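Right, one structure below, let's go through it.
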Amino acid sequence: MSKSFGVLLVSHVERVASGLKQLLDQVASDVTIKTAGGTEDGDVGTSFDLISETLESFEEDNVLCFYDLGSAKMNLDMATEMTEKNVEILNTAFIEGAYTTASLLQADVPLDNIKEQISKLVIKE
Amino acid sequence: MSKSFGVLLVSHVERVASGLKQLLDQVASDVTIKTAGGTEDGDVGTSFDLISETLESFEEDNVLCFYDLGSAKMNLDMATEMTEKNVEILNTAFIEGAYTTASLLQADVPLDNIKEQISKLVIKE
Amino acid sequence: MAQTEKWIKSFEHFSKKITDEKSFLNELDSAIGDGDHGSNLTRGVAAVNEKLEQQSYDNLSDLFKDIGMVLVSKVGGASGPLYGSAFISMAKKSKESDDISSLLSSGLDGIIKRGKAETGEKTMVDVWAPAVDALKDGTLDQSVIDSALESTIDMKATKGRASYLGDRSIGHIDPGAQSSAYFFESLLEAGVTDE
Amino acid sequence: MAQTEKWIKSFEHFSKKITDEKSFLNELDSAIGDGDHGSNLTRGVAAVNEKLEQQSYDNLSDLFKDIGMVLVSKVGGASGPLYGSAFISMAKKSKESDDISSLLSSGLDGIIKRGKAETGEKTMVDVWAPAVDALKDGTLDQSVIDSALESTIDMKATKGRASYLGDRSIGHIDPGAQSSAYFFESLLEAGVTDE
Ligand SMILES: Nc1ncnc2c1ncn2[C@@H]1O[C@H](COP(=O)(O)OP(=O)(O)O)[C@@H](O)[C@H]1O
Ligand SMILES: Nc1ncnc2c1ncn2[C@@H]1O[C@H](COP(=O)(O)OP(=O)(O)O)[C@@H](O)[C@H]1O
Ligand SMILES: [Mg+2]
Ligand SMILES: [Mg+2]
Ligand SMILES: [Mg+2]
Ligand SMILES: [Mg+2]
């Protein structure tokens, strides 16, 4: 845990989430990046339990979350309401927002600047 | 080939491309969706050869392409210049743009309307 | 019959309808979504039934909370957090009231809080809202449910997956509205709504 | 020595520099990118060398075309289509001219067409553009290359991966500018630029 923010990637598909992590790890090797992809049975969908467990498993107190489609957001919202962690859900383009954020976290850019920079990637809500 | 447009997904990571196809297949079972993810060795990156071969392999004459990061776009541009196919590269959020487009192709929405609908997802270039 | 038992009875009706109509719900969802609404809810209600068999309840709050959490955990689609939030919201409300229209009204609040949909956006809210209104007036019956359900056909979806389809979402029943219709029918059949 | 041989010689120098400095290029790319620029180009030049060993060339156009296509195919990162487009563009140009500054000028055009970067965006263009200008004036030497390379340090990247870093891209040498510096040094060393 060398940065104060962790990143959680929530996708309907396990491979999308874990593949995206692979992409981000290349540019943000010191950022903790975790995934909650698919349902617990490995189907397409999202799992509140998986999201919650993954959130709790961060050493970091602050977690920035990215998601693919709106129904993932609802599970994320619920998990956020039930955790002690300081969670922020970003409504950016999933891959592009997560990529930019991870790059900037790696470079120790402050959160406010990151948010400003990714504000042009907000396409949801 | 039951629709006049195919969809090509180009990602730096094989799993992201194939996972996204899984997500789109659910909502667009009659749309031909193909992927060119990662390099030919399975590393993170994109491959001009893989993109070109995949483009050629479409039965459809018209292919709509989505990509994750800018360097994928360059390989896509080159492949586009070298094919006889009618290729259009969309600069939308990768997952969200491809998802919306596939859904609308499935519902036989004309291309112009699709483009208008995804214009708010354009975040690149 | 105690309210708790009536609610359990009602959930049994709901389970059966969902499970029997799984393919139909999937079909509705195929037209304007990803085709899994029936499968999602069938998985959810099966898990709830398992839970209810193991447990006995002497108050509505515990019952609703368990139903809600199991649905949230097991459904896997948008309808999981939505129905889940309805029950969790009812669990809270039932600590201060067992009035059926107050309960379901807070269930609706839970859905709206979670999904941010208003009426007219072609979602389950378009069945829940008129049904709750009718409950308040004491006029909830099958015809209220049917016409609420049918009203979703001409709507254009602006929330949920169907919203990606824009105008092409028009002309179809919303799958979540259909499952919600089953939900309110089950309440009527189990007599939960009789005071 | 014929131009073709000089160019092959030059590419050998370039290959050796890239391969020797692979880790350094990766390091530069780690700071503002994904850390693979050295590995990408090493893979690319190795594949070109294999091709050149199998083939003999009596004209620049065939040579450039083969180098360009192999780089496009094998590099796997942005620098593949960029260097590739430079060589493919030079292949076309060499059919009408073997003037070194005309050739490299069209190489630069190829890069710009592909990457849409202007000077000042912290990319390989910031070495190519001043180097081509100096070639036209007959003033290209190591110091021109060095100062072009160093000029990228203070630039903010607005193209390529480094652009995601915004202001944080400032203070680092651009990896593609570094490999391009090797490219022009190799031209000097092989005497391609001597008329
Ligand atoms: N934001 C929302 N607000 C209210 N209801 C919604 C919302 N999003 C989706 N729904 C309801 O959920 C139903 C779809 O559920 P389901 O198929 O299980 O989820 P998913 O779309 O994730 O596959 C829709 O038919 C709609 O009634
Ligand atoms: N649009 C562009 N125009 C010109 N040069 C670019 C552009 N994008 C990237 N580059 C160059 O490519 C280099 C990175 O190459 P490389 O690491 O091989 O590719 P990738 O970024 O795909 O990993 C950068 O340092 C820069 O010089
Ligand atoms: Mg569904
Ligand atoms: Mg689903
Ligand atoms: Mg790189
Ligand atoms: Mg790379």
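Ordering of the structure tokens sets the chain letters (A, B, ...); residue numbers start at 1 within each chain; ligands are numbered from 1 in the order shown.
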
Problem - 12 Å contact set for Asp146 of chain C, only C-alpha atoms, chain neighbours under 3 positions out, as a PyMOL selection string - result: chain C and resi 126-128+130-131+140-143+149-153+173+177-182+184-185

Handout entry: Residues of segment 72-123 of chain A in helix (DSSP H, G or I), written as a ChimeraX atom specification
Key = /A:72-82,94-106,111-121

What's around Ala2 of chain C at 12 Å? Count only C-alpha atoms, leave out sequence neighbours fewer than 4 positions away in its own chain, and write the answer as a PDB file with all heavy atoms, in the first residue's frame.
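For reference, selection_8.pdb as written:
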```pdb
ATOM      1  N   LYS C   6     -48.726 -14.241   6.270  1.00  0.00           N
ATOM      2  CA  LYS C   6     -49.300 -13.805   4.993  1.00  0.00           C
ATOM      3  C   LYS C   6     -48.196 -13.379   4.026  1.00  0.00           C
ATOM      4  O   LYS C   6     -48.246 -13.677   2.831  1.00  0.00           O
ATOM      5  CB  LYS C   6     -50.249 -12.617   5.205  1.00  0.00           C
ATOM      6  CG  LYS C   6     -51.620 -13.008   5.739  1.00  0.00           C
ATOM      7  CD  LYS C   6     -52.555 -11.811   5.631  1.00  0.00           C
ATOM      8  CE  LYS C   6     -53.889 -12.075   6.334  1.00  0.00           C
ATOM      9  NZ  LYS C   6     -54.665 -10.822   6.468  1.00  0.00           N
ATOM     10  N   TRP C   7     -47.219 -12.683   4.547  1.00  0.00           N
ATOM     11  CA  TRP C   7     -46.117 -12.240   3.681  1.00  0.00           C
ATOM     12  C   TRP C   7     -45.320 -13.428   3.140  1.00  0.00           C
ATOM     13  O   TRP C   7     -44.908 -13.449   1.983  1.00  0.00           O
ATOM     14  CB  TRP C   7     -45.189 -11.279   4.438  1.00  0.00           C
ATOM     15  CG  TRP C   7     -45.596  -9.835   4.231  1.00  0.00           C
ATOM     16  CD1 TRP C   7     -46.322  -9.062   5.076  1.00  0.00           C
ATOM     17  CD2 TRP C   7     -45.295  -9.031   3.091  1.00  0.00           C
ATOM     18  NE1 TRP C   7     -46.503  -7.809   4.546  1.00  0.00           N
ATOM     19  CE2 TRP C   7     -45.882  -7.761   3.322  1.00  0.00           C
ATOM     20  CE3 TRP C   7     -44.622  -9.249   1.898  1.00  0.00           C
ATOM     21  CZ2 TRP C   7     -45.787  -6.710   2.404  1.00  0.00           C
ATOM     22  CZ3 TRP C   7     -44.518  -8.206   0.986  1.00  0.00           C
ATOM     23  CH2 TRP C   7     -45.101  -6.946   1.236  1.00  0.00           C
ATOM     24  N   ILE C   8     -45.117 -14.423   4.017  1.00  0.00           N
ATOM     25  CA  ILE C   8     -44.389 -15.614   3.558  1.00  0.00           C
ATOM     26  C   ILE C   8     -45.200 -16.322   2.469  1.00  0.00           C
ATOM     27  O   ILE C   8     -44.679 -16.719   1.423  1.00  0.00           O
ATOM     28  CB  ILE C   8     -44.079 -16.562   4.746  1.00  0.00           C
ATOM     29  CG1 ILE C   8     -43.036 -15.895   5.651  1.00  0.00           C
ATOM     30  CG2 ILE C   8     -43.586 -17.915   4.250  1.00  0.00           C
ATOM     31  CD1 ILE C   8     -42.722 -16.643   6.929  1.00  0.00           C
ATOM     32  N   LYS C   9     -46.485 -16.432   2.718  1.00  0.00           N
ATOM     33  CA  LYS C   9     -47.398 -17.012   1.723  1.00  0.00           C
ATOM     34  C   LYS C   9     -47.293 -16.236   0.397  1.00  0.00           C
ATOM     35  O   LYS C   9     -47.188 -16.808  -0.686  1.00  0.00           O
ATOM     36  CB  LYS C   9     -48.834 -16.906   2.282  1.00  0.00           C
ATOM     37  CG  LYS C   9     -49.888 -17.609   1.484  1.00  0.00           C
ATOM     38  CD  LYS C   9     -50.076 -19.043   1.980  1.00  0.00           C
ATOM     39  CE  LYS C   9     -50.431 -19.948   0.812  1.00  0.00           C
ATOM     40  NZ  LYS C   9     -49.682 -21.207   0.822  1.00  0.00           N
ATOM     41  N   TYR C  57     -39.815 -16.728  11.575  1.00  0.00           N
ATOM     42  CA  TYR C  57     -39.867 -15.275  11.795  1.00  0.00           C
ATOM     43  C   TYR C  57     -41.034 -14.901  12.677  1.00  0.00           C
ATOM     44  O   TYR C  57     -42.150 -15.377  12.471  1.00  0.00           O
ATOM     45  CB  TYR C  57     -39.992 -14.555  10.448  1.00  0.00           C
ATOM     46  CG  TYR C  57     -38.777 -14.777   9.574  1.00  0.00           C
ATOM     47  CD1 TYR C  57     -38.728 -15.828   8.663  1.00  0.00           C
ATOM     48  CD2 TYR C  57     -37.666 -13.948   9.693  1.00  0.00           C
ATOM     49  CE1 TYR C  57     -37.610 -16.058   7.890  1.00  0.00           C
ATOM     50  CE2 TYR C  57     -36.538 -14.167   8.924  1.00  0.00           C
ATOM     51  CZ  TYR C  57     -36.516 -15.214   8.021  1.00  0.00           C
ATOM     52  OH  TYR C  57     -35.408 -15.440   7.265  1.00  0.00           O
ATOM     53  N   ASP C  58     -40.784 -14.059  13.678  1.00  0.00           N
ATOM     54  CA  ASP C  58     -41.899 -13.561  14.471  1.00  0.00           C
ATOM     55  C   ASP C  58     -42.128 -12.064  14.252  1.00  0.00           C
ATOM     56  O   ASP C  58     -42.959 -11.455  14.901  1.00  0.00           O
ATOM     57  CB  ASP C  58     -41.704 -13.865  15.959  1.00  0.00           C
ATOM     58  CG  ASP C  58     -40.415 -13.296  16.491  1.00  0.00           C
ATOM     59  OD1 ASP C  58     -39.770 -12.503  15.765  1.00  0.00           O
ATOM     60  OD2 ASP C  58     -40.043 -13.628  17.631  1.00  0.00           O
ATOM     61  N   ASN C  59     -41.339 -11.491  13.333  1.00  0.00           N
ATOM     62  CA  ASN C  59     -41.628 -10.093  12.993  1.00  0.00           C
ATOM     63  C   ASN C  59     -41.284  -9.812  11.535  1.00  0.00           C
ATOM     64  O   ASN C  59     -40.428 -10.470  10.932  1.00  0.00           O
ATOM     65  CB  ASN C  59     -40.893  -9.136  13.940  1.00  0.00           C
ATOM     66  CG  ASN C  59     -39.400  -9.184  13.712  1.00  0.00           C
ATOM     67  OD1 ASN C  59     -38.895  -8.562  12.785  1.00  0.00           O
ATOM     68  ND2 ASN C  59     -38.691  -9.965  14.533  1.00  0.00           N
ATOM     69  N   LEU C  60     -41.997  -8.830  11.004  1.00  0.00           N
ATOM     70  CA  LEU C  60     -41.836  -8.511   9.587  1.00  0.00           C
ATOM     71  C   LEU C  60     -40.437  -8.005   9.266  1.00  0.00           C
ATOM     72  O   LEU C  60     -39.877  -8.294   8.204  1.00  0.00           O
ATOM     73  CB  LEU C  60     -42.857  -7.436   9.164  1.00  0.00           C
ATOM     74  CG  LEU C  60     -44.280  -7.920   8.922  1.00  0.00           C
ATOM     75  CD1 LEU C  60     -45.172  -6.734   8.546  1.00  0.00           C
ATOM     76  CD2 LEU C  60     -44.304  -8.968   7.799  1.00  0.00           C
ATOM     77  N   ASP C  98     -46.972  -1.481  10.653  1.00  0.00           N
ATOM     78  CA  ASP C  98     -47.225  -2.635   9.800  1.00  0.00           C
ATOM     79  C   ASP C  98     -48.377  -2.355   8.841  1.00  0.00           C
ATOM     80  O   ASP C  98     -48.927  -3.272   8.255  1.00  0.00           O
ATOM     81  CB  ASP C  98     -47.423  -3.922  10.609  1.00  0.00           C
ATOM     82  CG  ASP C  98     -48.650  -3.854  11.479  1.00  0.00           C
ATOM     83  OD1 ASP C  98     -49.312  -2.805  11.490  1.00  0.00           O
ATOM     84  OD2 ASP C  98     -48.951  -4.871  12.145  1.00  0.00           O
ATOM     85  N   ALA C 190     -52.393 -13.628  -1.568  1.00  0.00           N
ATOM     86  CA  ALA C 190     -52.108 -14.100  -0.217  1.00  0.00           C
ATOM     87  C   ALA C 190     -52.910 -13.326   0.828  1.00  0.00           C
ATOM     88  O   ALA C 190     -52.825 -13.616   2.027  1.00  0.00           O
ATOM     89  CB  ALA C 190     -50.615 -13.979   0.076  1.00  0.00           C
ATOM     90  N   GLY C 191     -53.633 -12.332   0.374  1.00  0.00           N
ATOM     91  CA  GLY C 191     -54.452 -11.568   1.309  1.00  0.00           C
ATOM     92  C   GLY C 191     -53.660 -10.612   2.184  1.00  0.00           C
ATOM     93  O   GLY C 191     -54.141 -10.166   3.224  1.00  0.00           O
ATOM     94  N   VAL C 192     -52.435 -10.309   1.790  1.00  0.00           N
ATOM     95  CA  VAL C 192     -51.631  -9.369   2.583  1.00  0.00           C
ATOM     96  C   VAL C 192     -52.309  -8.013   2.641  1.00  0.00           C
ATOM     97  O   VAL C 192     -52.210  -7.281   3.621  1.00  0.00           O
ATOM     98  CB  VAL C 192     -50.218  -9.210   1.967  1.00  0.00           C
ATOM     99  CG1 VAL C 192     -49.399  -8.186   2.748  1.00  0.00           C
ATOM    100  CG2 VAL C 192     -49.496 -10.540   1.923  1.00  0.00           C
ATOM    101  N   ASP C 194     -55.482  -7.408   2.613  1.00  0.00           N
ATOM    102  CA  ASP C 194     -56.734  -7.329   3.393  1.00  0.00           C
ATOM    103  C   ASP C 194     -56.414  -6.861   4.795  1.00  0.00           C
ATOM    104  O   ASP C 194     -55.528  -7.412   5.454  1.00  0.00           O
ATOM    105  CB  ASP C 194     -57.408  -8.720   3.504  1.00  0.00           C
ATOM    106  CG  ASP C 194     -57.483  -9.423   2.162  1.00  0.00           C
ATOM    107  OD1 ASP C 194     -57.448  -8.731   1.119  1.00  0.00           O
ATOM    108  OD2 ASP C 194     -57.556 -10.675   2.169  1.00  0.00           O
ATOM    109  N   GLU C 195     -57.130  -5.904   5.263  1.00  0.00           N
ATOM    110  CA  GLU C 195     -56.850  -5.466   6.654  1.00  0.00           C
ATOM    111  C   GLU C 195     -57.891  -6.075   7.585  1.00  0.00           C
ATOM    112  O   GLU C 195     -59.004  -6.375   7.223  1.00  0.00           O
ATOM    113  CB  GLU C 195     -56.895  -3.930   6.769  1.00  0.00           C
ATOM    114  CG  GLU C 195     -55.976  -3.219   5.798  1.00  0.00           C
ATOM    115  CD  GLU C 195     -54.502  -3.255   6.209  1.00  0.00           C
ATOM    116  OE1 GLU C 195     -54.180  -3.066   7.389  1.00  0.00           O
ATOM    117  OE2 GLU C 195     -53.660  -3.492   5.322  1.00  0.00           O
TER     118      GLU C 195
END
```

Using only C-alpha atoms and a distance of at most 9 Å, pull out the residues of chain A that contact chain D, as a compact mmCIF listing (two decimals) with N, CA and C atoms, in the first residue's frame.
```txt
# COMPACT_ATOMS: atom_id res chain seq x y z
N LEU A 23 -3.89 -4.09 -17.82
CA LEU A 23 -3.51 -2.88 -18.53
C LEU A 23 -3.05 -1.79 -17.56
N LEU A 24 -3.76 -1.66 -16.46
CA LEU A 24 -3.44 -0.60 -15.49
C LEU A 24 -2.17 -0.92 -14.71
N ASP A 25 -1.98 -2.18 -14.40
CA ASP A 25 -0.78 -2.56 -13.64
C ASP A 25 0.49 -2.11 -14.35
N GLN A 26 0.44 -2.10 -15.67
CA GLN A 26 1.60 -1.68 -16.46
C GLN A 26 2.00 -0.24 -16.21
N VAL A 27 1.01 0.60 -15.98
CA VAL A 27 1.31 2.03 -15.83
C VAL A 27 1.18 2.49 -14.39
N ALA A 28 0.77 1.60 -13.50
CA ALA A 28 0.52 2.03 -12.12
C ALA A 28 0.90 0.90 -11.16
N TYR A 99 -8.00 4.04 -16.53
CA TYR A 99 -6.62 4.12 -17.02
C TYR A 99 -5.99 5.46 -16.64
N THR A 100 -6.72 6.53 -16.91
CA THR A 100 -6.20 7.86 -16.61
C THR A 100 -5.97 8.02 -15.10
N THR A 101 -6.94 7.59 -14.33
CA THR A 101 -6.84 7.72 -12.88
C THR A 101 -5.65 6.93 -12.33
N SER A 103 -2.95 6.05 -13.86
CA SER A 103 -1.71 6.71 -14.28
C SER A 103 -1.41 7.90 -13.37
N LEU A 104 -2.42 8.66 -13.06
CA LEU A 104 -2.22 9.87 -12.26
C LEU A 104 -1.96 9.54 -10.80
N ALA A 107 1.53 8.73 -10.40
CA ALA A 107 2.39 9.93 -10.42
C ALA A 107 2.10 10.86 -9.24
N ASP A 108 1.37 10.34 -8.23
CA ASP A 108 1.08 11.11 -7.01
C ASP A 108 0.36 12.42 -7.25
N VAL A 109 -0.45 12.46 -8.26
CA VAL A 109 -1.27 13.66 -8.50
C VAL A 109 -2.40 13.68 -7.47
N GLN A 117 -9.16 16.25 -14.18
CA GLN A 117 -8.68 15.72 -15.45
C GLN A 117 -9.62 14.68 -16.05
```

Problem - Expected answer as a count of residues only: residues within 6 Å of ligand 1, only C-alpha atoms and all ligand atoms - result: 21

Exercise for the section: Excluding Ser47 of chain A and any residue of its chain fewer than 4 positions from it, enumerate the residues within 8 Å of it, using only C-alpha atoms, and give them as number ranges by chain. Expected result: A: 36-40, 51, 75; C: 73-74, 76

Exercise for the section: With a distance cut-off of 7 Å and only C-alpha atoms, select the neighbouring residues of segment 89-91 of chain B, excluding the residue or stretch itself and same-chain residues fewer than 2 positions from it, and output the selection as a list in words. Expected result: Leu64, Cys65, Phe66, Val87, Ala93, Val122, Ile123, Lys124 and Glu125 of chain B

Resulting file, chosen residues, C-alpha atoms, as a PDB file, in the first residue's frame:
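And here is the file that came out, out-v1.pdb:
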```pdb
ATOM      1  CA  LEU B  64     -17.656  -0.540 -37.096  1.00  0.00           C
ATOM      2  CA  CYS B  65     -14.537  -0.487 -34.929  1.00  0.00           C
ATOM      3  CA  PHE B  66     -14.044   0.416 -31.296  1.00  0.00           C
ATOM      4  CA  VAL B  87     -14.481   0.541 -42.092  1.00  0.00           C
ATOM      5  CA  ALA B  93     -15.779   5.319 -24.740  1.00  0.00           C
ATOM      6  CA  VAL B 122     -17.251  10.374 -27.960  1.00  0.00           C
ATOM      7  CA  ILE B 123     -14.318  11.090 -25.650  1.00  0.00           C
ATOM      8  CA  LYS B 124     -11.287  10.535 -27.858  1.00  0.00           C
ATOM      9  CA  GLU B 125      -9.461  12.461 -30.569  1.00  0.00           C
TER      10      GLU B 125
END
```

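Separating atom CA of Phe24 of chain D from atom CA of Thr193 of chain D is a distance of 26.7 Å.
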
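Distance annotation: of C:Gly107, C:Gly138, C:Pro81, C:Gly171, the residue with the minimal separation from Met78 of chain A is C:Pro81; atom set is only C-alpha atoms.
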
Handout entry: strand (DSSP E) residues, from DSSP on the backbone, in segment 61-123 of chain B, as a ChimeraX atom specification
Key = /B:62-67,86-90

Exercise for the section: Fewer than 4 positions away in the same chain doesn't count, so skip those; otherwise give me all residues within 10 Å of Lys16 of chain C, counting only C-alpha atoms, as an MDAnalysis selection string. Expected result: chainID C and resid 10:12 20:22 42 45:46 182 186

Within 8 Å of chain B, which residues of chain A come that close, and what is the closest atom pair and distance in Å for each? Count only C-alpha atoms and give it as a tab-separated table.
```
residue	atom	partner	partner_atom	distance
A:His12	CA	B:Leu23	CA	7.4
A:Val13	CA	B:Gly19	CA	6.0
A:Glu14	CA	B:Gly19	CA	7.4
A:Arg15	CA	B:Gly19	CA	5.1
A:Val16	CA	B:Val16	CA	4.3
A:Ala17	CA	B:Val16	CA	7.4
A:Ser18	CA	B:Arg15	CA	7.7
A:Gly19	CA	B:Val16	CA	5.0
A:Leu20	CA	B:Val16	CA	6.4
A:Gln22	CA	B:Val13	CA	7.6
A:Leu23	CA	B:Val13	CA	6.9
A:Val44	CA	B:Leu23	CA	7.0
A:Asp68	CA	B:Ile95	CA	7.1
A:Leu69	CA	B:Glu96	CA	7.6
A:Ala93	CA	B:Ala93	CA	5.4
A:Phe94	CA	B:Ile95	CA	7.1
A:Ile95	CA	B:Phe94	CA	7.1
A:Glu96	CA	B:Ala93	CA	7.0
A:Lys120	CA	B:Ile123	CA	7.4
A:Leu121	CA	B:Ile123	CA	6.3
A:Ile123	CA	B:Leu121	CA	6.2
```
